[in-house]
file model14.cif (mmCIF, C-alpha atoms and all ligand atoms)
data_data
#
loop_
_atom_site.label_atom_id
_atom_site.label_comp_id
_atom_site.auth_asym_id
_atom_site.auth_seq_id
_atom_site.Cartn_x
_atom_site.Cartn_y
_atom_site.Cartn_z
CA MET D 1 10.19 -22.74 55.22
CA THR D 2 9.87 -20.36 52.28
CA ARG D 3 12.88 -18.13 51.99
CA TYR D 4 12.80 -14.88 50.05
CA ARG D 5 15.94 -13.20 48.84
CA ILE D 6 15.39 -9.47 49.08
CA ALA D 7 17.84 -6.93 47.70
CA VAL D 8 17.70 -3.70 49.68
CA ILE D 9 18.98 -0.45 48.19
CA GLY D 10 18.54 2.20 50.85
CA GLY D 11 19.89 4.89 48.55
CA ASP D 12 20.21 8.51 49.57
CA GLY D 13 18.70 10.96 52.01
CA ILE D 14 15.89 9.43 54.04
CA GLY D 15 16.01 6.24 51.92
CA PRO D 16 18.11 4.14 54.33
CA GLU D 17 16.06 5.38 57.31
CA VAL D 18 12.71 4.34 55.87
CA VAL D 19 13.83 1.01 54.41
CA ALA D 20 15.23 0.08 57.83
CA GLU D 21 11.65 0.25 59.11
CA GLY D 22 10.47 -1.82 56.17
CA GLN D 23 13.00 -4.46 57.17
CA ARG D 24 11.88 -4.30 60.78
CA VAL D 25 8.28 -5.01 59.77
CA LEU D 26 9.35 -7.82 57.44
CA GLU D 27 11.34 -9.47 60.18
CA ALA D 28 8.52 -9.15 62.70
CA LEU D 29 6.10 -10.87 60.31
CA ALA D 30 8.51 -13.50 59.09
CA GLY D 31 8.84 -14.71 62.68
CA VAL D 32 5.08 -15.05 63.08
CA LEU D 33 4.03 -16.32 59.67
CA GLY D 34 6.85 -18.77 59.07
CA PHE D 35 8.76 -17.39 56.14
CA GLU D 36 12.30 -16.11 56.01
CA CYS D 37 13.80 -13.05 54.38
CA GLU D 38 17.42 -13.16 53.41
CA ILE D 39 18.35 -9.54 53.00
CA GLU D 40 21.30 -8.32 51.00
CA ARG D 41 22.10 -4.60 51.09
CA PHE D 42 23.60 -2.67 48.21
CA PRO D 43 25.18 0.73 48.95
CA TRP D 44 24.26 2.33 45.64
CA GLY D 45 23.10 5.81 44.77
CA CYS D 46 24.66 9.25 44.89
CA ALA D 47 27.20 8.61 47.65
CA TYR D 48 28.42 5.64 45.62
CA TYR D 49 28.57 7.88 42.55
CA LEU D 50 30.70 10.48 44.30
CA GLU D 51 33.20 7.77 45.16
CA HIS D 52 33.08 5.56 42.05
CA GLY D 53 31.85 7.83 39.25
CA GLN D 54 28.77 5.68 38.66
CA GLN D 55 25.56 5.17 40.61
CA MET D 56 25.78 1.38 40.59
CA PRO D 57 28.56 -1.00 39.53
CA THR D 58 28.48 -2.29 35.98
CA ASP D 59 27.30 -5.75 37.06
CA ALA D 60 24.50 -4.37 39.25
CA LEU D 61 21.71 -6.04 37.31
CA ASP D 62 23.46 -9.41 37.53
CA LEU D 63 23.75 -9.00 41.29
CA LEU D 64 20.09 -8.00 41.66
CA GLY D 65 18.79 -10.56 39.19
CA HIS D 66 19.24 -13.40 41.71
CA HIS D 67 16.79 -11.86 44.16
CA ASP D 68 13.06 -12.40 44.52
CA ALA D 69 12.38 -8.70 45.02
CA ILE D 70 14.15 -5.36 45.32
CA LEU D 71 13.26 -2.84 48.02
CA LEU D 72 14.50 0.65 47.26
CA GLY D 73 14.40 3.69 49.56
CA ALA D 74 15.07 6.81 47.52
CA ILE D 75 17.72 8.19 45.22
CA GLY D 76 18.91 11.75 44.83
CA MET D 77 21.29 14.38 46.21
CA PRO D 78 20.33 17.28 44.00
CA ASP D 79 23.04 19.58 45.38
CA LEU D 80 25.81 17.13 44.57
CA VAL D 81 24.71 14.99 41.62
CA PRO D 82 22.63 16.20 38.66
CA GLU D 83 19.14 14.68 38.77
CA GLU D 84 19.33 13.19 35.28
CA ILE D 85 22.39 11.20 36.33
CA ALA D 86 21.15 10.25 39.78
CA LEU D 87 17.77 8.87 38.78
CA ARG D 88 18.58 7.34 35.43
CA GLY D 89 21.57 5.60 37.02
CA VAL D 90 19.56 3.55 39.53
CA VAL D 91 15.78 3.84 39.44
CA LEU D 92 15.34 3.96 35.68
CA ALA D 93 18.25 1.59 35.01
CA ILE D 94 16.53 -1.05 37.13
CA ARG D 95 13.02 -0.38 35.79
CA PHE D 96 14.24 -0.65 32.21
CA GLY D 97 16.84 -3.35 32.86
CA PHE D 98 14.33 -5.74 34.40
CA ASP D 99 11.45 -4.66 32.15
CA GLN D 100 9.40 -3.53 35.15
CA TYR D 101 6.66 -2.21 32.96
CA ALA D 102 3.84 -1.91 35.46
CA ASN D 103 4.13 0.82 38.03
CA VAL D 104 1.21 0.19 40.38
CA ARG D 105 0.22 2.94 42.83
CA PRO D 106 -2.80 2.38 45.06
CA VAL D 107 -4.68 5.43 46.31
CA LYS D 108 -6.72 4.59 49.39
CA PRO D 109 -6.43 7.31 52.02
CA LEU D 110 -5.73 6.24 55.58
CA ARG D 111 -8.04 7.44 58.30
CA GLY D 112 -6.05 9.92 60.39
CA ALA D 113 -3.74 11.01 57.58
CA PRO D 114 -3.85 14.64 56.43
CA PHE D 115 -6.45 15.11 53.69
CA PRO D 116 -6.46 18.19 51.46
CA LEU D 117 -10.00 18.33 50.03
CA ALA D 118 -12.93 19.98 51.77
CA ASN D 119 -15.77 18.55 49.69
CA VAL D 120 -14.78 14.92 49.29
CA ASP D 121 -15.05 12.09 51.82
CA PRO D 122 -11.61 10.41 51.97
CA ALA D 123 -13.29 7.12 52.89
CA ALA D 124 -14.97 7.09 49.46
CA ILE D 125 -11.64 7.16 47.60
CA ASP D 126 -10.20 3.83 46.54
CA PHE D 127 -8.45 3.64 43.20
CA VAL D 128 -5.19 2.45 41.67
CA VAL D 129 -3.01 4.07 39.06
CA VAL D 130 -1.39 1.56 36.73
CA ARG D 131 1.36 3.48 35.03
CA GLU D 132 3.35 2.19 32.08
CA ALA D 133 6.99 2.46 33.18
CA THR D 134 9.28 1.39 30.37
CA GLU D 135 8.22 3.48 27.39
CA GLY D 136 6.80 6.89 26.56
CA MET D 137 8.76 10.01 27.37
CA TYR D 138 11.14 8.10 29.66
CA VAL D 139 13.02 6.21 26.95
CA GLY D 140 15.60 8.98 26.81
CA LEU D 141 15.62 9.24 23.03
CA GLY D 142 16.55 12.48 21.41
CA GLY D 143 19.36 14.91 21.80
CA ARG D 144 20.47 18.53 21.92
CA TYR D 145 21.44 19.89 18.55
CA SER D 146 22.64 23.02 16.87
CA PRO D 147 20.15 24.14 14.22
CA ASP D 148 22.48 23.11 11.41
CA ALA D 149 22.81 19.52 12.61
CA PRO D 150 21.45 17.06 10.01
CA GLN D 151 19.10 15.58 12.66
CA VAL D 152 17.18 18.84 12.90
CA ALA D 153 17.74 20.44 9.50
CA GLU D 154 14.38 19.10 8.37
CA ILE D 155 12.39 20.77 11.14
CA VAL D 156 14.25 24.07 11.25
CA GLY D 157 12.07 25.47 8.49
CA VAL D 158 8.88 24.72 10.43
CA ARG D 159 9.09 27.67 12.77
CA ASP D 160 11.17 30.74 12.51
CA VAL D 161 12.23 30.56 16.14
CA PHE D 162 13.90 27.16 15.54
CA GLY D 163 16.31 28.69 13.03
CA ARG D 164 17.02 31.62 15.32
CA SER D 165 17.98 29.39 18.26
CA ARG D 166 21.49 28.53 19.29
CA GLU D 167 20.33 25.07 20.24
CA LEU D 168 17.35 22.74 19.84
CA ALA D 169 16.38 19.73 21.94
CA VAL D 170 14.37 16.79 20.69
CA GLN D 171 12.84 14.48 23.30
CA THR D 172 11.00 11.59 21.73
CA GLY D 173 8.37 9.43 23.40
CA VAL D 174 8.10 5.85 22.20
CA TYR D 175 4.89 3.82 22.45
CA SER D 176 4.74 0.25 21.19
CA GLU D 177 1.64 -1.77 20.49
CA ALA D 178 2.81 -4.62 22.71
CA GLY D 179 3.89 -2.17 25.41
CA CYS D 180 0.47 -0.50 25.46
CA ARG D 181 -1.29 -3.83 25.35
CA ARG D 182 0.45 -5.42 28.31
CA ILE D 183 -0.10 -2.48 30.65
CA MET D 184 -3.72 -2.21 29.62
CA GLU D 185 -4.31 -5.93 30.05
CA ARG D 186 -2.84 -5.63 33.51
CA ALA D 187 -5.16 -2.74 34.31
CA PHE D 188 -8.24 -4.64 33.14
CA ARG D 189 -7.22 -7.77 35.06
CA LEU D 190 -6.79 -5.65 38.16
CA ALA D 191 -10.23 -4.09 37.66
CA GLU D 192 -11.69 -7.60 37.42
CA GLU D 193 -10.03 -8.68 40.66
CA ARG D 194 -10.99 -5.62 42.69
CA ASP D 195 -14.26 -5.32 44.54
CA GLY D 196 -16.49 -2.63 43.34
CA ARG D 197 -16.82 -0.59 40.23
CA ARG D 198 -14.82 -2.45 37.58
CA LEU D 199 -13.96 0.65 35.69
CA VAL D 200 -10.76 1.39 33.77
CA THR D 201 -10.04 4.99 32.87
CA SER D 202 -7.34 5.60 30.28
CA ALA D 203 -5.28 8.79 30.54
CA THR D 204 -4.54 10.09 27.08
CA LYS D 205 -3.93 13.25 25.07
CA ALA D 206 -4.47 12.51 21.39
CA ASN D 207 -5.60 16.09 20.82
CA ALA D 208 -2.00 17.25 21.23
CA MET D 209 0.05 14.08 20.70
CA PRO D 210 -1.46 12.53 17.57
CA HIS D 211 1.03 9.68 17.03
CA GLY D 212 1.73 8.08 20.38
CA MET D 213 -1.67 8.72 21.86
CA THR D 214 -3.73 7.45 18.91
CA LEU D 215 -1.81 4.17 19.10
CA TRP D 216 -2.44 4.16 22.86
CA ASN D 217 -6.15 4.82 22.26
CA ASP D 218 -6.50 2.16 19.54
CA VAL D 219 -4.93 -0.49 21.74
CA PHE D 220 -7.11 0.62 24.65
CA ASP D 221 -10.24 0.13 22.55
CA GLU D 222 -9.09 -3.35 21.54
CA VAL D 223 -8.24 -4.46 25.06
CA ALA D 224 -11.46 -2.93 26.40
CA GLY D 225 -13.36 -4.95 23.77
CA GLU D 226 -11.76 -8.13 25.14
CA HIS D 227 -13.01 -7.31 28.66
CA PRO D 228 -16.72 -6.64 28.26
CA ASP D 229 -17.24 -7.22 32.00
CA VAL D 230 -15.26 -4.05 32.78
CA GLU D 231 -16.45 -0.57 31.97
CA ALA D 232 -13.90 1.42 29.98
CA GLU D 233 -13.58 5.15 29.44
CA TRP D 234 -10.86 7.55 28.37
CA ALA D 235 -10.07 11.05 29.52
CA ASN D 236 -7.56 13.60 28.38
CA VAL D 237 -4.93 13.80 31.07
CA ASP D 238 -5.54 17.48 31.79
CA ALA D 239 -9.24 16.90 32.41
CA LEU D 240 -8.36 13.79 34.38
CA ALA D 241 -6.05 15.80 36.64
CA MET D 242 -9.03 17.98 37.48
CA ARG D 243 -11.14 14.93 38.20
CA PHE D 244 -8.44 13.60 40.58
CA VAL D 245 -9.14 16.69 42.66
CA LEU D 246 -12.88 17.25 42.18
CA ARG D 247 -14.23 13.68 41.95
CA PRO D 248 -11.52 11.20 42.92
CA GLN D 249 -14.20 8.88 44.31
CA SER D 250 -15.38 8.28 40.72
CA LEU D 251 -12.14 6.44 39.81
CA ASP D 252 -11.34 2.75 40.07
CA VAL D 253 -8.35 1.77 37.91
CA VAL D 254 -6.52 4.45 35.94
CA VAL D 255 -4.12 3.32 33.21
CA ALA D 256 -1.62 5.94 32.10
CA PRO D 257 1.44 6.36 29.90
CA ASN D 258 4.70 6.87 31.77
CA LEU D 259 4.94 10.66 32.13
CA PHE D 260 1.21 11.25 32.64
CA GLY D 261 1.23 8.53 35.29
CA ASP D 262 4.21 10.15 36.99
CA ILE D 263 2.47 13.49 37.27
CA LEU D 264 -0.92 12.10 38.21
CA THR D 265 0.58 10.03 41.01
CA ASP D 266 2.12 13.01 42.75
CA LEU D 267 -1.34 14.50 42.59
CA SER D 268 -2.85 11.33 44.01
CA ALA D 269 -0.13 11.24 46.68
CA ALA D 270 -1.58 14.54 47.89
CA LEU D 271 -4.90 12.74 48.40
CA LEU D 272 -3.07 10.25 50.62
CA GLY D 273 -1.62 12.96 52.84
CA GLY D 274 1.64 13.59 51.02
CA LEU D 275 4.51 11.63 49.56
CA GLY D 276 5.21 10.04 52.93
CA PHE D 277 2.02 8.00 52.50
CA ALA D 278 2.24 6.96 48.85
CA PRO D 279 3.29 3.37 48.08
CA SER D 280 4.48 2.11 44.71
CA ALA D 281 5.51 -1.12 43.02
CA ASN D 282 7.33 -1.63 39.72
CA LEU D 283 6.19 -5.03 38.55
CA THR D 284 7.58 -7.36 35.91
CA ASP D 285 5.81 -10.29 34.31
CA GLY D 286 7.57 -12.49 36.87
CA HIS D 287 10.70 -13.34 34.93
CA TRP D 288 12.86 -10.72 36.61
CA PRO D 289 12.59 -9.32 40.14
CA SER D 290 10.09 -6.55 40.69
CA MET D 291 11.12 -3.41 42.55
CA PHE D 292 9.24 -1.83 45.42
CA GLU D 293 9.94 1.83 46.06
CA PRO D 294 7.77 4.42 47.76
CA CYS D 295 6.81 7.39 45.57
CA HIS D 296 8.71 9.92 47.62
CA GLY D 297 12.14 11.29 46.98
CA SER D 298 15.19 11.39 49.22
CA ALA D 299 14.01 14.50 51.12
CA PRO D 300 17.54 15.84 51.77
CA ASP D 301 16.12 18.58 54.01
CA ILE D 302 15.14 16.09 56.71
CA ALA D 303 17.67 13.32 56.00
CA GLY D 304 19.64 11.93 58.90
CA ARG D 305 17.27 13.29 61.54
CA GLY D 306 15.20 10.14 61.95
CA ILE D 307 11.92 11.96 61.45
CA ALA D 308 10.83 10.80 57.99
CA ASN D 309 7.43 9.19 57.79
CA PRO D 310 7.98 5.50 56.96
CA THR D 311 4.31 4.88 56.07
CA ALA D 312 4.83 4.91 52.30
CA THR D 313 7.64 2.37 52.63
CA LEU D 314 5.61 0.13 54.92
CA LEU D 315 2.66 0.12 52.51
CA THR D 316 5.17 -0.59 49.74
CA VAL D 317 6.41 -3.57 51.77
CA ALA D 318 2.78 -4.76 51.87
CA GLN D 319 2.73 -4.62 48.05
CA MET D 320 5.98 -6.58 48.01
CA LEU D 321 4.60 -9.29 50.30
CA GLU D 322 1.50 -9.60 48.14
CA ASP D 323 3.64 -9.98 45.04
CA LEU D 324 5.90 -12.55 46.71
CA GLY D 325 2.84 -14.65 47.48
CA GLU D 326 2.37 -13.80 51.17
CA PRO D 327 -1.11 -12.24 51.12
CA ALA D 328 -1.73 -12.75 54.85
CA ALA D 329 1.46 -10.86 55.65
CA ALA D 330 0.53 -8.12 53.18
CA ARG D 331 -2.89 -7.70 54.77
CA ALA D 332 -1.35 -7.62 58.26
CA VAL D 333 1.04 -4.81 57.29
CA GLU D 334 -1.67 -2.76 55.68
CA ALA D 335 -4.04 -3.28 58.60
CA ALA D 336 -1.26 -2.38 61.04
CA VAL D 337 -0.43 0.84 59.21
CA ARG D 338 -4.13 1.75 59.13
CA GLU D 339 -4.46 1.02 62.83
CA VAL D 340 -1.40 3.03 63.89
CA VAL D 341 -2.23 6.04 61.72
CA ALA D 342 -5.89 6.04 62.78
CA ALA D 343 -4.99 5.77 66.48
CA GLY D 344 -2.82 8.87 66.06
CA GLU D 345 -0.66 8.19 69.09
CA VAL D 346 2.52 7.68 67.12
CA ARG D 347 2.83 10.43 64.53
CA THR D 348 5.87 11.71 62.69
CA PRO D 349 6.29 15.50 62.38
CA ASP D 350 4.65 15.63 58.92
CA MET D 351 1.49 14.42 60.69
CA GLY D 352 1.85 17.03 63.41
CA GLY D 353 3.44 14.66 65.92
CA SER D 354 6.91 14.21 67.33
CA ALA D 355 7.51 10.49 66.86
CA SER D 356 10.65 9.28 65.12
CA THR D 357 10.82 7.12 62.03
CA ALA D 358 11.86 4.18 64.22
CA GLU D 359 9.04 4.71 66.74
CA MET D 360 6.52 4.62 63.94
CA GLY D 361 8.19 1.54 62.43
CA ARG D 362 8.16 -0.24 65.78
CA ALA D 363 4.49 0.56 66.36
CA VAL D 364 3.57 -0.86 62.95
CA ALA D 365 5.83 -3.91 63.39
CA GLU D 366 4.19 -4.75 66.74
CA ALA D 367 0.68 -4.25 65.40
CA ALA D 368 1.42 -6.28 62.27
CA ALA D 369 2.84 -9.19 64.29
CA ARG D 370 -0.19 -9.13 66.57
CA ILE D 371 -2.64 -9.00 63.66
CA ALA D 372 -0.82 -11.79 61.84
CA ALA D 373 -0.70 -13.98 64.96
CA ALA D 374 -4.44 -13.53 65.48
CA GLY D 375 -4.92 -14.77 61.89
C1 LIG D 401 8.50 8.36 40.55
C2 LIG D 401 9.64 9.33 40.45
C3 LIG D 401 10.57 8.87 39.36
C4 LIG D 401 9.81 8.88 38.05
C5 LIG D 401 11.86 9.68 39.25
C6 LIG D 401 12.56 9.70 40.57
C7 LIG D 401 12.73 9.19 38.15
O1 LIG D 401 9.17 10.62 40.25
O2 LIG D 401 8.77 7.18 40.82
O3 LIG D 401 7.37 8.76 40.35
O4 LIG D 401 9.73 9.93 37.40
O5 LIG D 401 9.29 7.82 37.68
MG MG D 402 7.09 10.76 40.33
#
call {"tool": "encode", "arguments": {"input": "model14.cif", "output": "structure tokens", "more": "lines below"}}
Ligand code: IPM
Ligand code: MG
result
Amino acid sequence: MTRYRIAVIGGDGIGPEVVAEGQRVLEALAGVLGFECEIERFPWGCAYYLEHGQQMPTDALDLLGHHDAILLGAIGMPDLVPEEIALRGVVLAIRFGFDQYANVRPVKPLRGAPFPLANVDPAAIDFVVVREATEGMYVGLGGRYSPDAPQVAEIVGVRDVFGRSRELAVQTGVYSEAGCRRIMERAFRLAEERDGRRLVTSATKANAMPHGMTLWNDVFDEVAGEHPDVEAEWANVDALAMRFVLRPQSLDVVVAPNLFGDILTDLSAALLGGLGFAPSANLTDGHWPSMFEPCHGSAPDIAGRGIANPTATLLTVAQMLEDLGEPAAARAVEAAVREVVAAGEVRTPDMGGSASTAEMGRAVAEAAARIAAAG
């Protein structure tokens, strides 16, 4: 029997509540489809930080490295731990540490989920954002300087206001040729595998960011040339944001640098009904474990009340099963989520219902087991 070692980091806020439902669905399917999940939980995040002064222990990556996949709930207690410490200490440390360069976020609205647009048919929307996740503006390079620091002396003359400032901050984005290439290749491969349009849209902004984004564009042209069977186009990210709202049905695969992808995928989460519906996977090239974490945050306002919508996590578990090599299980979870949300009998408060997180998880687990058993 295939046995998967899954590391579970519930994290903060609603994180532990929603991953518990993910585990429930995994266990229900494992029983039916004949695989096993050996789950190891790690109590990391802000609560851990408040006790130990760090978000994860120093050997965290060694501990996680032995697993086949990582399932993460959410990190963040903004009232108690500064955001730049909370998120860099777990989410970004794992993404960077395991070179999880491909952040894959499918956007296929569920029937029955809230939908914000009046003039678009949600059933016509089916695209994926493939976001680069280890470079760009997230590398954390730069610093805060006084204007007389040698690092900034050179640029102080450029604008009068620089010299008049008590402090300057430099935040550098880094884009490598190989880093652009691998995410773009992944996007084109995905477009080839998907039914339908075979279109890759590159999010860029060379008109304002002439170094990083011209490299990005050059590599995109090269990779597009190597995939003549896929249509390729680019769009400046601002115009693309508008298209996400006005013509989302015209998209198929969107490839984006880290920060643009981050922003665009909160916008696309709105098309799904909110962050409670938006799944996400951080994929490696297979050498290290990939991490599966819904797009949403820790939602401290509703934490501990058992009312968070677990849908995003359950769809994320479907992505995890697909990546582990259990496509039947992945399809069963996705079909079960679609069935439960469309039926509308079990709805969490964000959907206008009064069901609990666990009730929703149980409904999906039962439906998934039934669908899987029926083959
Ligand atoms: C996301 C989140 C993260 C990101 C934060 C929590 C660091 O917004 O996964 O989209 O910016 O990547
Ligand atoms: Mg985000």
call {"tool": "residues_near_ligand", "arguments": {"input": "model14.cif", "ligand": "ligand MG 402 (chain D)", "cutoff": "7 Å", "atoms": "only C-alpha atoms and all ligand atoms", "output": "CSV table (one decimal) with C-alpha atoms, in the coordinates of the input"}}
result
chain,number,residue,atom,x,y,z
D,262,ASP,CA,4.2,10.2,37.0
D,263,ILE,CA,2.5,13.5,37.3
D,265,THR,CA,0.6,10.0,41.0
D,266,ASP,CA,2.1,13.0,42.8
D,295,CYS,CA,6.8,7.4,45.6
call {"tool": "closest_residue", "arguments": {"input": "model14.cif", "among": "D:Pro294, D:Gly276, D:Gly97, D:Gly45", "to": "ligand LIG 401 (chain D)", "atoms": "all atoms listed in the file"}}
result
D:Pro294
call {"tool": "residues_near_ligand", "arguments": {"input": "model14.cif", "ligand": "ligand LIG 401 (chain D)", "cutoff": "10 Å", "atoms": "all atoms listed in the file", "output": "MDAnalysis selection string"}}
result
chainID D and resid 74:76 83:84 86:93 95 103 105 131:134 138 258:266 279:282 293:298
call {"tool": "write_last_selection", "arguments": {"input": "model14.cif", "atoms": "C-alpha atoms", "output": "compact mmCIF listing (two decimals), keeping the file's coordinate frame"}}
result
# COMPACT_ATOMS: atom_id res chain seq x y z
CA ALA D 74 15.07 6.81 47.52
CA ILE D 75 17.72 8.19 45.22
CA GLY D 76 18.91 11.75 44.83
CA GLU D 83 19.14 14.68 38.77
CA GLU D 84 19.33 13.19 35.28
CA ALA D 86 21.15 10.25 39.78
CA LEU D 87 17.77 8.87 38.78
CA ARG D 88 18.58 7.34 35.43
CA GLY D 89 21.57 5.60 37.02
CA VAL D 90 19.56 3.55 39.53
CA VAL D 91 15.78 3.84 39.44
CA LEU D 92 15.34 3.96 35.68
CA ALA D 93 18.25 1.59 35.01
CA ARG D 95 13.02 -0.38 35.79
CA ASN D 103 4.13 0.82 38.03
CA ARG D 105 0.22 2.94 42.83
CA ARG D 131 1.36 3.48 35.03
CA GLU D 132 3.35 2.19 32.08
CA ALA D 133 6.99 2.46 33.18
CA THR D 134 9.28 1.39 30.37
CA TYR D 138 11.14 8.10 29.66
CA ASN D 258 4.70 6.87 31.77
CA LEU D 259 4.94 10.66 32.13
CA PHE D 260 1.21 11.25 32.64
CA GLY D 261 1.23 8.53 35.29
CA ASP D 262 4.21 10.15 36.99
CA ILE D 263 2.47 13.49 37.27
CA LEU D 264 -0.92 12.10 38.21
CA THR D 265 0.58 10.03 41.01
CA ASP D 266 2.12 13.01 42.75
CA PRO D 279 3.29 3.37 48.08
CA SER D 280 4.48 2.11 44.71
CA ALA D 281 5.51 -1.12 43.02
CA ASN D 282 7.33 -1.63 39.72
CA GLU D 293 9.94 1.83 46.06
CA PRO D 294 7.77 4.42 47.76
CA CYS D 295 6.81 7.39 45.57
CA HIS D 296 8.71 9.92 47.62
CA GLY D 297 12.14 11.29 46.98
CA SER D 298 15.19 11.39 49.22
call {"tool": "residues_around", "arguments": {"input": "model14.cif", "residues": "His67 of chain D", "least_positions_apart": "5", "cutoff": "10 Å", "atoms": "all atoms listed in the file", "output": "PyMOL selection string"}}
result
chain D and resi 4-8+38-40+62+288-290
call {"tool": "write_last_selection", "arguments": {"input": "model14.cif", "atoms": "C-alpha atoms", "output": "CSV table (one decimal), in the coordinates of the input"}}
result
chain,number,residue,atom,x,y,z
D,4,TYR,CA,12.8,-14.9,50.0
D,5,ARG,CA,15.9,-13.2,48.8
D,6,ILE,CA,15.4,-9.5,49.1
D,7,ALA,CA,17.8,-6.9,47.7
D,8,VAL,CA,17.7,-3.7,49.7
D,38,GLU,CA,17.4,-13.2,53.4
D,39,ILE,CA,18.4,-9.5,53.0
D,40,GLU,CA,21.3,-8.3,51.0
D,62,ASP,CA,23.5,-9.4,37.5
D,288,TRP,CA,12.9,-10.7,36.6
D,289,PRO,CA,12.6,-9.3,40.1
D,290,SER,CA,10.1,-6.6,40.7
call {"tool": "closest_residue", "arguments": {"input": "model14.cif", "among": "D:Ile94, D:Asp301, D:Leu267, D:Arg111", "to": "Val245 of chain D", "atoms": "all atoms listed in the file"}}
result
D:Leu267
call {"tool": "closest_residue", "arguments": {"input": "model14.cif", "among": "D:Gly136, D:Ala69, D:Asp238, D:Ala113", "to": "Glu322 of chain D", "atoms": "all atoms listed in the file"}}
result
D:Ala69
call {"tool": "residues_near_point", "arguments": {"input": "model14.cif", "point": "(2.0, 9.4, 25.2)", "cutoff": "10 Å", "atoms": "only C-alpha atoms", "output": "ChimeraX atom specification"}}
result
/D:135-137,172-175,203-206,208-217,256-260
call {"tool": "residues_around", "arguments": {"input": "model14.cif", "residues": "segment 365-368 of chain D", "least_positions_apart": "2", "cutoff": "8 Å", "atoms": "all atoms listed in the file", "output": "list in words"}}
result
Arg24, Val25, Leu26, Ala28, Leu29, Ala332, Val333, Ala335, Ala336, Val337, Glu339, Val340, Gly361, Arg362, Ala363, Arg370, Ile371 and Ala372 of chain D
call {"tool": "atom_distance", "arguments": {"input": "model14.cif", "atom1": "atom CA of Glu21 of chain D", "atom2": "atom CA of Ala60 of chain D"}}
result
24.1 Å
call {"tool": "residues_around", "arguments": {"input": "model14.cif", "residues": "Val200 of chain D", "least_positions_apart": "6", "cutoff": "10 Å", "atoms": "all atoms listed in the file", "output": "list in words"}}
result
Phe127, Val128, Val129, Val130, Met184, Ala187, Phe188, Arg189, Leu190, Ala191, Glu192, Phe220, Ala224, Val230, Glu231, Ala232, Glu233, Trp234, Leu251, Asp252, Val253, Val254 and Val255 of chain D
call {"tool": "closest_residue", "arguments": {"input": "model14.cif", "among": "D:Ile125, D:Val19, D:Met77, D:Met1", "to": "Leu110 of chain D", "atoms": "only C-alpha atoms"}}
result
D:Ile125
